[in-house]
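Undergrad: I am attaching a structure below and will ask some questions about it afterwards.
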Amino acid sequence: MIRKVLIANRGEIALRINRACRELGIQTLAVYSEPDEQSLHVHLADEAICIGPGPSSESYLKTDRIISAAEIGNVDAIHPGYGFLSENADFAEQCESCNIRFIGPKAATIRKMGDKALARETVKAAQVPIIPGSEGAVQDEGEALAIAKEIGFPVIVKAVSGGGGRGMRIAHNAMAFAKEFETASMEAEKVFGDGSLYIEKYLEHPRHIEFQILADNYGKILHLGERDCSVQRRHQKVIEEAPSPYLNAKMRKRMGDVAIKVAEVAEYVNAGTVEFLLDADRDEWFFIEVNPRIQVEHTVTEAITGVDLVRAQILVAQGIGLRESPLDLPPLEMLHARGVAVQCRITTEDP
């Protein structure tokens with residue numbers, strides 16, 4: 001059993017993990033940067049260790065310091081939350097090699113799904129519909145332009161290692177393509193340390209639909225319905241709603257089955273999200289990516305299903321199956337009787 005968890009994060013998700021651990025009778029160890037010493041998650045945890053100065057690159061992203069804190073605190077598991085190291089396969093591997101459970105997917109799955117181009121190829125082999133685009137990362141601008149002309153403008157240039165709307169640019173014609181390609185590559189290199197890009201057909205009026213999945217260590221995978229994240233700014237989600245007001249029962253069933261199929265080919269364990277773009281003009285939908293972690297918007301799914309996803313993550317990491325007590329989730333048809341939930345994000349920026 002997990003007796004003690006290191007929370008490798010800060011802010012809202014750190015508080016959320018701390019609450020779930022308390023409810024399960026599990027002790028918590030918070031790590032924090034120097035400016036975060038008086039933060040609420042530090043005060044509420046059973047123990048706390050400072051791991052460096054203010055910049056995340058010197059604290060929350062320092063894998064060696066977090067592993068050292070875990071060993072000093074004698075923890076059984078690390079929960080990465082979202083952001084920071086949550087999609088870092090090397091960190092998950094380090095945890096495994098130190099006999100510390102990583103509360104999330106296995107390193108191999110994160111590596112496979114974290115590379116957006118490799119993820120496309122993996123699900124394509126399983127006959128999952130994908131948006132027309134390049135076969136993996138493109139080598140240079142010339143090759144990328146040829147692919148863009150072949151699939152037809154507009155196209156979207158995406159960072160292979162991207163996320164959160166970074167390293168993405170839309171090109172509506174060949175003249176604009178060179179500038180957008182260079183800008184996306186520079187941003188991807190700066191933010192993710194990897195300037196590799198791939199190309200996809202850009203859908204003009206899409207709906208962004210994502211399915212919450214949960215998988216145990218014994219091959220059981222289920223989805224907890226969808227979230228509609230179509231209202232976005234700069235490719236970043238602003239409003240999330242569950243369930244989607246657009247999907248009917250037939251579409252929900254088909255997309256949910258495909259989400260489970262994607263999780264199967266990814267050999268997925270723990271909580272995650274399978275994301276699709278739906279072309280509202282043609283009622284066609286395509287796989288875009290897997291987020292191998294808990295997401296910011298997991299709370300809207302919790303509100304309509306009554307399932308505590310963070311608690312479920314911890315129990316799955318303990319080796320408890322989805323149909324076992326104390327997890328024992330109800331059948332899917334019983335998980336959508338709690339109305340509608342909406343989450344609105346407030347962003348701080350100079351408009």
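Residue numbers start at 1 in each chain; chains themselves are named A, B, ... in the order of the structure tokens; ligands are numbered from 1 in the order shown.
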From a DSSP calculation on the backbone, collect every residue of segment 263-334 of chain A in strand (DSSP E or B) and output the set as a ChimeraX atom specification.
TA: /A:270-279,284-291
Undergrad: So that I have them on file, write out the residues from the current selection with C-alpha atoms, as an mmCIF file, in the first residue's frame.
TA:
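Ended up saving to part_24.cif:
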data_model
loop_
_atom_site.group_PDB
_atom_site.id
_atom_site.type_symbol
_atom_site.label_atom_id
_atom_site.label_comp_id
_atom_site.auth_asym_id
_atom_site.auth_seq_id
_atom_site.Cartn_x
_atom_site.Cartn_y
_atom_site.Cartn_z
ATOM 1 C CA ASN A 270 -4.056 5.318 -14.788
ATOM 2 C CA ALA A 271 -5.983 8.490 -15.768
ATOM 3 C CA GLY A 272 -5.612 10.291 -19.083
ATOM 4 C CA THR A 273 -7.437 12.010 -21.904
ATOM 5 C CA VAL A 274 -7.934 11.073 -25.555
ATOM 6 C CA GLU A 275 -8.584 14.177 -27.665
ATOM 7 C CA PHE A 276 -10.459 14.519 -30.955
ATOM 8 C CA LEU A 277 -11.291 17.292 -33.397
ATOM 9 C CA LEU A 278 -14.772 17.145 -34.865
ATOM 10 C CA ASP A 279 -15.394 18.891 -38.182
ATOM 11 C CA GLU A 284 -16.282 13.910 -39.349
ATOM 12 C CA TRP A 285 -13.979 13.464 -36.378
ATOM 13 C CA PHE A 286 -10.289 12.696 -35.992
ATOM 14 C CA PHE A 287 -7.855 11.709 -33.242
ATOM 15 C CA ILE A 288 -5.355 14.453 -32.357
ATOM 16 C CA GLU A 289 -3.505 13.414 -29.187
ATOM 17 C CA VAL A 290 -3.405 11.707 -25.818
ATOM 18 C CA ASN A 291 -2.708 13.718 -22.671
#
Undergrad: I'd like to know which residues of segment 65-237 of chain A are helix (DSSP H, G or I) (by DSSP, run on the backbone); could you write them as a PyMOL selection string?
TA: chain A and resi 65-73+89-97+107-114+116-125+141-151+174-192
Undergrad: Which of these residues is nearest to Met168 of chain A, using only C-alpha atoms: A:Ile103, A:Lys261, A:Ile151, A:Gln236?
TA: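 Closest residue, counting only C-alpha atoms: A:Gln236.
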Undergrad: Tell me which of A:Ile239, A:Cys50, A:Ala303, A:Ala312 sits closest to Ala69 of chain A, counting only C-alpha atoms.
TA: A:Cys50
Undergrad: Residues within 9 Å of Asp281 of chain A, please, as a list in words. Count only C-alpha atoms; anything in the same chain fewer than 6 positions from it doesn't count.
TA: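 Counting only the stated atoms, we get Glu204, His205 and Pro206 of chain A.
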Undergrad: Within 12 Å of Leu247 of chain A, counting only C-alpha atoms, which residues qualify if same-chain residues fewer than 6 places away don't, as a list in words?
TA: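 Non-adjacent residues within range: Arg207, His208, Ile209, Glu210, Gly225, Glu226, Arg227, Asp228, Glu241, Lys253, Arg254, Met255, Gly256, Leu278, Ala280, Asp283, Glu284 and Trp285 of chain A.
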Undergrad: Fewer than 4 positions away in the same chain doesn't count, so skip those; otherwise give me all residues within 10 Å of Gln27 of chain A, counting only C-alpha atoms, as a list in words.
TA: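 The neighbour list is Ile2, Arg3, Lys4, Val5, Leu6, Asn18, Cys21, Arg22, Ala45, Asp46, Glu47 and Val75 of chain A.
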Undergrad: Using Å and a single decimal, report how far atom CA of Glu141 of chain A sits from atom CA of Ala178 of chain A.
TA: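 About the pair atom CA of Ala178 of chain A and atom CA of Glu141 of chain A: they are 7.0 Å apart.
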Undergrad: So that I can see what lies close to segment 189-195 of chain A, please list as a PyMOL selection string the residues with an atom at most 10 Å from it, counting only C-alpha atoms and leaving out residues fewer than 3 positions away in the same chain.
TA: chain A and resi 158-163+166-167+182-186
Undergrad: Using N, CA, C and O atoms, can you export the residues from the last selection as a short mmCIF file (atom, residue, chain, number, x, y, z; two decimals), in the first residue's frame?
TA:
data_model
loop_
_atom_site.label_atom_id
_atom_site.label_comp_id
_atom_site.auth_asym_id
_atom_site.auth_seq_id
_atom_site.Cartn_x
_atom_site.Cartn_y
_atom_site.Cartn_z
N LYS A 158 2.65 22.14 -36.11
CA LYS A 158 2.60 21.81 -34.68
C LYS A 158 3.93 21.27 -34.19
O LYS A 158 4.62 20.53 -34.90
N ALA A 159 4.27 21.63 -32.94
CA ALA A 159 5.45 21.08 -32.30
C ALA A 159 5.23 19.62 -31.96
O ALA A 159 4.19 19.26 -31.41
N VAL A 160 6.20 18.77 -32.30
CA VAL A 160 6.13 17.34 -32.00
C VAL A 160 6.01 17.12 -30.50
O VAL A 160 5.26 16.26 -30.03
N SER A 161 6.75 17.91 -29.71
CA SER A 161 6.75 17.76 -28.25
C SER A 161 5.85 18.78 -27.57
O SER A 161 6.04 19.10 -26.41
N GLY A 162 4.90 19.31 -28.31
CA GLY A 162 4.14 20.45 -27.81
C GLY A 162 3.01 20.14 -26.87
O GLY A 162 2.72 19.00 -26.53
N GLY A 163 2.34 21.21 -26.45
CA GLY A 163 1.20 21.13 -25.55
C GLY A 163 0.83 22.54 -25.12
O GLY A 163 1.62 23.47 -25.24
N ARG A 166 1.30 25.86 -27.41
CA ARG A 166 2.59 26.45 -27.77
C ARG A 166 3.18 25.71 -28.97
O ARG A 166 2.97 24.52 -29.16
N GLY A 167 3.95 26.44 -29.78
CA GLY A 167 4.58 25.84 -30.95
C GLY A 167 3.59 25.46 -32.02
O GLY A 167 3.78 24.49 -32.75
N GLU A 182 8.91 28.85 -39.34
CA GLU A 182 10.08 29.30 -38.56
C GLU A 182 9.68 29.74 -37.15
O GLU A 182 10.34 29.40 -36.17
N THR A 183 8.58 30.48 -37.04
CA THR A 183 8.10 30.95 -35.73
C THR A 183 7.74 29.79 -34.82
O THR A 183 8.11 29.76 -33.64
N ALA A 184 7.02 28.80 -35.37
CA ALA A 184 6.62 27.64 -34.58
C ALA A 184 7.84 26.85 -34.10
O ALA A 184 7.90 26.42 -32.95
N SER A 185 8.83 26.68 -34.98
CA SER A 185 10.04 25.94 -34.62
C SER A 185 10.82 26.64 -33.51
O SER A 185 11.29 26.01 -32.56
N MET A 186 10.95 27.96 -33.62
CA MET A 186 11.68 28.73 -32.61
C MET A 186 10.97 28.66 -31.27
O MET A 186 11.61 28.48 -30.22
#
Undergrad: Determine, counting only C-alpha atoms, which protein, DNA and RNA residues have an atom within 12 Å of an atom of Glu180 of chain A; residues of the same chain fewer than 6 positions away are not included. Present the result as a VMD selection string.
TA: chain A and resid 141 144 to 145 154 to 159 167 to 174 186 to 187 197 199
Undergrad: Let me see the file: selected residues, C-alpha atoms, as a PDB file, in the first residue's frame.
TA:
ATOM      1  CA  GLU A 141      10.918  23.760 -44.453  1.00  0.00           C
ATOM      2  CA  ALA A 144       7.049  20.730 -45.006  1.00  0.00           C
ATOM      3  CA  LEU A 145       5.878  23.095 -47.758  1.00  0.00           C
ATOM      4  CA  PRO A 154      -4.972  26.008 -44.659  1.00  0.00           C
ATOM      5  CA  VAL A 155      -2.604  23.847 -42.618  1.00  0.00           C
ATOM      6  CA  ILE A 156      -1.461  23.956 -39.012  1.00  0.00           C
ATOM      7  CA  VAL A 157       2.196  23.575 -38.049  1.00  0.00           C
ATOM      8  CA  LYS A 158       2.599  21.806 -34.684  1.00  0.00           C
ATOM      9  CA  ALA A 159       5.454  21.083 -32.295  1.00  0.00           C
ATOM     10  CA  GLY A 167       4.580  25.838 -30.945  1.00  0.00           C
ATOM     11  CA  MET A 168       1.471  25.967 -33.147  1.00  0.00           C
ATOM     12  CA  ARG A 169       0.915  28.224 -36.161  1.00  0.00           C
ATOM     13  CA  ILE A 170      -1.704  28.354 -38.946  1.00  0.00           C
ATOM     14  CA  ALA A 171      -0.700  29.013 -42.554  1.00  0.00           C
ATOM     15  CA  HIS A 172      -3.444  29.936 -45.015  1.00  0.00           C
ATOM     16  CA  ASN A 173      -1.228  29.956 -48.107  1.00  0.00           C
ATOM     17  CA  ALA A 174       2.271  29.119 -49.366  1.00  0.00           C
ATOM     18  CA  MET A 186      11.682  28.731 -32.612  1.00  0.00           C
ATOM     19  CA  GLU A 187       8.894  28.742 -30.024  1.00  0.00           C
ATOM     20  CA  LEU A 197       7.460  20.029 -36.205  1.00  0.00           C
ATOM     21  CA  ILE A 199       2.010  19.336 -40.409  1.00  0.00           C
TER      22      ILE A 199
END
Undergrad: Go through A:Leu329, A:Cys229, A:Glu264, A:Ile314 and flag the residue nearest Gly25 of chain A, using only C-alpha atoms for the distances.
TA: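 Of A:Leu329, A:Cys229, A:Glu264, A:Ile314, the one nearest Gly25 of chain A is A:Ile314, counting only C-alpha atoms.
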Undergrad: Find the residue from A:Gly321, A:Gly306, A:Ala188, A:Asp140 that sits nearest to Lys220 of chain A; use only C-alpha atoms when measuring.
TA: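 Answer, going by the shortest atom-to-atom distance: A:Gly321.
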Undergrad: Report the distance between atom CA of Gln212 of chain A and atom CA of Leu224 of chain A in Å, rounded to one decimal place.
TA: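 Atom-to-atom, atom CA of Gln212 of chain A to atom CA of Leu224 of chain A, that is 5.4 Å.
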